[in-house]
Amino acid sequence: MNFQTILEDIVATLQPELGAAGTVASYIPALACVDPRQLGIALHTCRGEEAAAGDSATPFSIQSVSKLFTLTLAMQRVGDALWERIGREPSGNPFNSLVQLENEQGKPRNPFINAGAIAVADRLVTHAGSGEGAKADILALMTSLSGEPIGFDAEVAASEAATGYRNIALANFMKSFGKIDNDVAPVLDTYFNQCAVRMNCRQLARAAGFLCRDGAHPFGGRSDVTNERQTRRINALMLTCGTYDAAGDVAFNIGLPCKSGVGGGIVAVVPDQLTLAVWSPALDATGNSLLGMKALELFVAKTRLSVF
Ligand code: GLN
């Protein structure tokens, strides 16, 4: 299959729709000024081949795509004890919803909604001994996996910290149930910074590469990122919970484990074959990239690659 041609075709097909529908995430002020008329796509195969088209080299705020990588770190560090604090069920609710948390005594439904990712950040802070240590661990993982230096966008992190009322509420609410061990301040600082990681599609496709090769590091010769069982579980969670209350539609229309973010990025996995990263900033009502999802639908239609 000529992946380069396929990706170029997808970008050309969607070009006329750039900027036509959807809205950028304006609730984070620093994201409100991103030009919505951008579309990038990149792919990394389990044999190490790469292809990319459109704005694939333009860095963006990975936002909740980061939850996939912090979950990976927490699985490496905490192991199965992680699941004492966090569930594995789709929430069927928006990613920043508070309602379920009260009914379920402060235990988040899954690690990909905001409450779950904040609980994961708490585990990382405990393991690293401080918020600064947890942030350094996150950047070290992203840098190792993508093979290029990766950093936080300080402006985006500050913008979220200044306006993240719901996330602050979620953290305090979980703390009131005794489900957060550390002070909420370093936990939230870790969470806001992980959301503000800046990467481009090429780097993201490569960084997620361990998910299409049973946990093996994208660059051969290094120790595995996760074991086979952990890798299967991350993919399962991405399929069932990775796109919030759109997860059913995404499984139906695309049929691949995906993790999205409100920066407009989506990572998708074809197990044993390849990983894809797409980015287009305009979002649909569920907070997923509108054209990113269309790009994935086109990819699956053209290649017939799907887990089903
Ligand atoms: N930083 C965003 C928030 O906490 C992440 C949400 C997302 O990407 N879905 O609201």
# chains A, B, ... in the order shown; residues from 1 in each chain; ligands from 1
call {"tool": "select_by_dssp", "arguments": {"residues": "region 178-295 of chain A", "states": "helix (DSSP H, G or I)", "output": "VMD selection string"}}
result
chain A and resid 184 to 195 201 to 212 228 to 241 244 to 253 290 to 295
call {"tool": "residues_near_ligand", "arguments": {"ligand": "ligand 1", "cutoff": "6 Å", "atoms": "only C-alpha atoms and all ligand atoms", "output": "PDB file with C-alpha atoms, in the first residue's frame"}}
result
ATOM      1  CA  GLN A  63      -4.322  18.380  25.177  1.00  0.00           C
ATOM      2  CA  SER A  64      -6.098  15.129  26.107  1.00  0.00           C
ATOM      3  CA  PHE A  95     -15.004  14.812  29.281  1.00  0.00           C
ATOM      4  CA  ASN A 114     -10.523  14.782  32.957  1.00  0.00           C
ATOM      5  CA  CYS A 195      -2.312  19.059  28.317  1.00  0.00           C
ATOM      6  CA  GLY A 261      -7.793  16.190  22.448  1.00  0.00           C
ATOM      7  CA  VAL A 262      -9.443  19.610  22.273  1.00  0.00           C
TER       8      VAL A 262
END
call {"tool": "closest_residue", "arguments": {"among": "A:Gly255, A:Gly221, A:Gly209, A:Gly106", "to": "Ala42 (chain A)", "atoms": "only C-alpha atoms"}}
result
A:Gly209
call {"tool": "residues_around", "arguments": {"residues": "Met75 (chain A)", "least_positions_apart": "2", "cutoff": "10 Å", "atoms": "only C-alpha atoms", "output": "VMD selection string"}}
result
chain A and resid 69 to 73 77 to 83 120 123 to 124 225 to 227 230 to 231 234
call {"tool": "write_last_selection", "arguments": {"atoms": "N, CA and C atoms", "output": "PDB file, in the first residue's frame"}}
result
ATOM      1  N   PHE A  69      -0.488   8.971  27.236  1.00  0.00           N
ATOM      2  CA  PHE A  69       0.909   8.795  27.632  1.00  0.00           C
ATOM      3  C   PHE A  69       1.082   8.823  29.152  1.00  0.00           C
ATOM      4  N   THR A  70       0.264   9.629  29.843  1.00  0.00           N
ATOM      5  CA  THR A  70       0.378   9.613  31.308  1.00  0.00           C
ATOM      6  C   THR A  70      -0.194   8.304  31.853  1.00  0.00           C
ATOM      7  N   LEU A  71      -1.216   7.764  31.184  1.00  0.00           N
ATOM      8  CA  LEU A  71      -1.705   6.436  31.590  1.00  0.00           C
ATOM      9  C   LEU A  71      -0.590   5.400  31.421  1.00  0.00           C
ATOM     10  N   THR A  72       0.116   5.491  30.301  1.00  0.00           N
ATOM     11  CA  THR A  72       1.229   4.572  30.041  1.00  0.00           C
ATOM     12  C   THR A  72       2.268   4.660  31.165  1.00  0.00           C
ATOM     13  N   LEU A  73       2.633   5.891  31.530  1.00  0.00           N
ATOM     14  CA  LEU A  73       3.614   6.083  32.613  1.00  0.00           C
ATOM     15  C   LEU A  73       3.102   5.486  33.924  1.00  0.00           C
ATOM     16  N   ARG A  77       4.569   2.501  36.291  1.00  0.00           N
ATOM     17  CA  ARG A  77       5.063   2.798  37.643  1.00  0.00           C
ATOM     18  C   ARG A  77       4.239   2.202  38.757  1.00  0.00           C
ATOM     19  N   VAL A  78       2.907   2.198  38.577  1.00  0.00           N
ATOM     20  CA  VAL A  78       2.029   1.788  39.670  1.00  0.00           C
ATOM     21  C   VAL A  78       1.490   0.372  39.442  1.00  0.00           C
ATOM     22  N   GLY A  79       1.468  -0.070  38.189  1.00  0.00           N
ATOM     23  CA  GLY A  79       0.945  -1.405  37.882  1.00  0.00           C
ATOM     24  C   GLY A  79      -0.549  -1.481  38.152  1.00  0.00           C
ATOM     25  N   ASP A  80      -1.032  -2.664  38.542  1.00  0.00           N
ATOM     26  CA  ASP A  80      -2.478  -2.878  38.681  1.00  0.00           C
ATOM     27  C   ASP A  80      -3.108  -2.069  39.806  1.00  0.00           C
ATOM     28  N   ALA A  81      -2.290  -1.584  40.742  1.00  0.00           N
ATOM     29  CA  ALA A  81      -2.839  -0.770  41.848  1.00  0.00           C
ATOM     30  C   ALA A  81      -3.534   0.486  41.315  1.00  0.00           C
ATOM     31  N   LEU A  82      -3.184   0.871  40.092  1.00  0.00           N
ATOM     32  CA  LEU A  82      -3.814   2.051  39.485  1.00  0.00           C
ATOM     33  C   LEU A  82      -5.333   1.922  39.462  1.00  0.00           C
ATOM     34  N   TRP A  83      -5.815   0.697  39.258  1.00  0.00           N
ATOM     35  CA  TRP A  83      -7.260   0.486  39.055  1.00  0.00           C
ATOM     36  C   TRP A  83      -8.052   0.504  40.357  1.00  0.00           C
ATOM     37  N   VAL A 120      -4.765  10.108  37.628  1.00  0.00           N
ATOM     38  CA  VAL A 120      -3.500   9.536  37.135  1.00  0.00           C
ATOM     39  C   VAL A 120      -2.341  10.475  37.469  1.00  0.00           C
ATOM     40  N   ARG A 123      -1.132  10.028  40.931  1.00  0.00           N
ATOM     41  CA  ARG A 123      -0.244   8.850  41.069  1.00  0.00           C
ATOM     42  C   ARG A 123       1.173   9.182  40.605  1.00  0.00           C
ATOM     43  N   LEU A 124       1.259   9.929  39.498  1.00  0.00           N
ATOM     44  CA  LEU A 124       2.589  10.269  38.962  1.00  0.00           C
ATOM     45  C   LEU A 124       3.342  11.203  39.908  1.00  0.00           C
ATOM     46  N   VAL A 225       8.164  -0.340  26.182  1.00  0.00           N
ATOM     47  CA  VAL A 225       7.442   0.742  26.863  1.00  0.00           C
ATOM     48  C   VAL A 225       6.407   0.135  27.799  1.00  0.00           C
ATOM     49  N   THR A 226       5.658  -0.826  27.282  1.00  0.00           N
ATOM     50  CA  THR A 226       4.657  -1.552  28.087  1.00  0.00           C
ATOM     51  C   THR A 226       4.741  -3.021  27.666  1.00  0.00           C
ATOM     52  N   ASN A 227       4.232  -3.912  28.518  1.00  0.00           N
ATOM     53  CA  ASN A 227       4.209  -5.307  28.074  1.00  0.00           C
ATOM     54  C   ASN A 227       2.975  -5.542  27.201  1.00  0.00           C
ATOM     55  N   GLN A 230      -0.450  -4.970  28.906  1.00  0.00           N
ATOM     56  CA  GLN A 230      -0.725  -3.543  29.147  1.00  0.00           C
ATOM     57  C   GLN A 230      -1.083  -2.836  27.838  1.00  0.00           C
ATOM     58  N   THR A 231      -0.383  -3.195  26.778  1.00  0.00           N
ATOM     59  CA  THR A 231      -0.627  -2.551  25.483  1.00  0.00           C
ATOM     60  C   THR A 231      -2.037  -2.842  25.009  1.00  0.00           C
ATOM     61  N   ILE A 234      -4.438  -0.698  26.994  1.00  0.00           N
ATOM     62  CA  ILE A 234      -4.475   0.727  26.594  1.00  0.00           C
ATOM     63  C   ILE A 234      -5.302   0.869  25.313  1.00  0.00           C
TER      64      ILE A 234
END
call {"tool": "closest_residue", "arguments": {"among": "A:Lys179, A:Arg222, A:Arg85, A:Arg198", "to": "Ser144 (chain A)", "atoms": "only C-alpha atoms"}}
result
A:Arg222
call {"tool": "decode", "arguments": {"residues": "region 89-101 of chain A", "atoms": "all heavy atoms", "output": "PDB file, in the first residue's frame"}}
result
ATOM      1  N   GLU A  89     -14.742   2.043  32.560  1.00  0.00           N
ATOM      2  CA  GLU A  89     -16.003   2.063  31.830  1.00  0.00           C
ATOM      3  C   GLU A  89     -16.149   3.379  31.066  1.00  0.00           C
ATOM      4  O   GLU A  89     -15.774   4.428  31.582  1.00  0.00           O
ATOM      5  CB  GLU A  89     -17.185   1.945  32.804  1.00  0.00           C
ATOM      6  CG  GLU A  89     -17.302   0.618  33.509  1.00  0.00           C
ATOM      7  CD  GLU A  89     -17.622  -0.539  32.579  1.00  0.00           C
ATOM      8  OE1 GLU A  89     -18.103  -0.294  31.461  1.00  0.00           O
ATOM      9  OE2 GLU A  89     -17.365  -1.680  32.978  1.00  0.00           O
ATOM     10  N   PRO A  90     -16.739   3.311  29.859  1.00  0.00           N
ATOM     11  CA  PRO A  90     -17.033   4.557  29.155  1.00  0.00           C
ATOM     12  C   PRO A  90     -17.939   5.432  30.016  1.00  0.00           C
ATOM     13  O   PRO A  90     -18.756   4.902  30.788  1.00  0.00           O
ATOM     14  CB  PRO A  90     -17.780   4.107  27.897  1.00  0.00           C
ATOM     15  CG  PRO A  90     -17.708   2.633  27.845  1.00  0.00           C
ATOM     16  CD  PRO A  90     -17.184   2.120  29.142  1.00  0.00           C
ATOM     17  N   SER A  91     -17.774   6.728  29.940  1.00  0.00           N
ATOM     18  CA  SER A  91     -18.566   7.591  30.829  1.00  0.00           C
ATOM     19  C   SER A  91     -19.899   7.958  30.212  1.00  0.00           C
ATOM     20  O   SER A  91     -20.859   8.226  30.921  1.00  0.00           O
ATOM     21  CB  SER A  91     -17.787   8.856  31.169  1.00  0.00           C
ATOM     22  OG  SER A  91     -17.689   9.664  30.023  1.00  0.00           O
ATOM     23  N   GLY A  92     -19.963   8.005  28.870  1.00  0.00           N
ATOM     24  CA  GLY A  92     -21.205   8.451  28.230  1.00  0.00           C
ATOM     25  C   GLY A  92     -21.533   9.894  28.561  1.00  0.00           C
ATOM     26  O   GLY A  92     -22.636  10.362  28.313  1.00  0.00           O
ATOM     27  N   ASN A  93     -20.563  10.601  29.114  1.00  0.00           N
ATOM     28  CA  ASN A  93     -20.745  11.996  29.515  1.00  0.00           C
ATOM     29  C   ASN A  93     -19.625  12.831  28.901  1.00  0.00           C
ATOM     30  O   ASN A  93     -18.588  12.302  28.523  1.00  0.00           O
ATOM     31  CB  ASN A  93     -20.647  12.125  31.046  1.00  0.00           C
ATOM     32  CG  ASN A  93     -21.982  11.904  31.717  1.00  0.00           C
ATOM     33  OD1 ASN A  93     -22.984  12.526  31.380  1.00  0.00           O
ATOM     34  ND2 ASN A  93     -22.009  11.001  32.681  1.00  0.00           N
ATOM     35  N   PRO A  94     -19.808  14.159  28.855  1.00  0.00           N
ATOM     36  CA  PRO A  94     -18.704  15.000  28.379  1.00  0.00           C
ATOM     37  C   PRO A  94     -17.441  14.793  29.227  1.00  0.00           C
ATOM     38  O   PRO A  94     -17.530  14.380  30.388  1.00  0.00           O
ATOM     39  CB  PRO A  94     -19.249  16.418  28.544  1.00  0.00           C
ATOM     40  CG  PRO A  94     -20.719  16.269  28.525  1.00  0.00           C
ATOM     41  CD  PRO A  94     -21.015  14.934  29.138  1.00  0.00           C
ATOM     42  N   PHE A  95     -16.282  15.133  28.625  1.00  0.00           N
ATOM     43  CA  PHE A  95     -15.004  14.812  29.281  1.00  0.00           C
ATOM     44  C   PHE A  95     -14.786  15.545  30.590  1.00  0.00           C
ATOM     45  O   PHE A  95     -14.004  15.119  31.416  1.00  0.00           O
ATOM     46  CB  PHE A  95     -13.837  15.089  28.320  1.00  0.00           C
ATOM     47  CG  PHE A  95     -13.769  16.499  27.813  1.00  0.00           C
ATOM     48  CD1 PHE A  95     -13.195  17.499  28.569  1.00  0.00           C
ATOM     49  CD2 PHE A  95     -14.256  16.838  26.549  1.00  0.00           C
ATOM     50  CE1 PHE A  95     -13.120  18.802  28.112  1.00  0.00           C
ATOM     51  CE2 PHE A  95     -14.194  18.133  26.070  1.00  0.00           C
ATOM     52  CZ  PHE A  95     -13.627  19.116  26.857  1.00  0.00           C
ATOM     53  N   ASN A  96     -15.521  16.676  30.793  1.00  0.00           N
ATOM     54  CA  ASN A  96     -15.274  17.441  32.018  1.00  0.00           C
ATOM     55  C   ASN A  96     -16.470  17.391  32.975  1.00  0.00           C
ATOM     56  O   ASN A  96     -16.640  18.253  33.823  1.00  0.00           O
ATOM     57  CB  ASN A  96     -14.912  18.889  31.677  1.00  0.00           C
ATOM     58  CG  ASN A  96     -15.938  19.530  30.758  1.00  0.00           C
ATOM     59  OD1 ASN A  96     -16.986  18.947  30.493  1.00  0.00           O
ATOM     60  ND2 ASN A  96     -15.636  20.713  30.282  1.00  0.00           N
ATOM     61  N   SER A  97     -17.280  16.350  32.841  1.00  0.00           N
ATOM     62  CA  SER A  97     -18.508  16.265  33.637  1.00  0.00           C
ATOM     63  C   SER A  97     -18.225  15.967  35.107  1.00  0.00           C
ATOM     64  O   SER A  97     -17.308  15.217  35.451  1.00  0.00           O
ATOM     65  CB  SER A  97     -19.377  15.154  33.039  1.00  0.00           C
ATOM     66  OG  SER A  97     -20.436  14.850  33.901  1.00  0.00           O
ATOM     67  N   LEU A  98     -19.048  16.538  35.971  1.00  0.00           N
ATOM     68  CA  LEU A  98     -18.923  16.332  37.422  1.00  0.00           C
ATOM     69  C   LEU A  98     -19.947  15.339  37.956  1.00  0.00           C
ATOM     70  O   LEU A  98     -19.767  14.789  39.039  1.00  0.00           O
ATOM     71  CB  LEU A  98     -19.150  17.667  38.150  1.00  0.00           C
ATOM     72  CG  LEU A  98     -17.965  18.618  38.294  1.00  0.00           C
ATOM     73  CD1 LEU A  98     -18.455  20.053  38.319  1.00  0.00           C
ATOM     74  CD2 LEU A  98     -17.195  18.318  39.560  1.00  0.00           C
ATOM     75  N   VAL A  99     -21.043  15.109  37.213  1.00  0.00           N
ATOM     76  CA  VAL A  99     -22.190  14.420  37.820  1.00  0.00           C
ATOM     77  C   VAL A  99     -21.882  12.995  38.295  1.00  0.00           C
ATOM     78  O   VAL A  99     -22.239  12.626  39.409  1.00  0.00           O
ATOM     79  CB  VAL A  99     -23.428  14.392  36.892  1.00  0.00           C
ATOM     80  CG1 VAL A  99     -24.056  15.759  36.796  1.00  0.00           C
ATOM     81  CG2 VAL A  99     -23.092  13.847  35.527  1.00  0.00           C
ATOM     82  N   GLN A 100     -21.189  12.214  37.442  1.00  0.00           N
ATOM     83  CA  GLN A 100     -20.942  10.823  37.822  1.00  0.00           C
ATOM     84  C   GLN A 100     -20.064  10.703  39.062  1.00  0.00           C
ATOM     85  O   GLN A 100     -20.202   9.775  39.847  1.00  0.00           O
ATOM     86  CB  GLN A 100     -20.237  10.084  36.685  1.00  0.00           C
ATOM     87  CG  GLN A 100     -21.173   9.302  35.815  1.00  0.00           C
ATOM     88  CD  GLN A 100     -20.503   8.881  34.527  1.00  0.00           C
ATOM     89  OE1 GLN A 100     -19.342   9.192  34.262  1.00  0.00           O
ATOM     90  NE2 GLN A 100     -21.251   8.161  33.713  1.00  0.00           N
ATOM     91  N   LEU A 101     -19.155  11.644  39.216  1.00  0.00           N
ATOM     92  CA  LEU A 101     -18.179  11.551  40.304  1.00  0.00           C
ATOM     93  C   LEU A 101     -18.852  11.502  41.669  1.00  0.00           C
ATOM     94  O   LEU A 101     -18.388  10.818  42.572  1.00  0.00           O
ATOM     95  CB  LEU A 101     -17.259  12.767  40.272  1.00  0.00           C
ATOM     96  CG  LEU A 101     -15.880  12.637  39.658  1.00  0.00           C
ATOM     97  CD1 LEU A 101     -15.092  13.895  39.958  1.00  0.00           C
ATOM     98  CD2 LEU A 101     -15.130  11.405  40.110  1.00  0.00           C
TER      99      LEU A 101
END
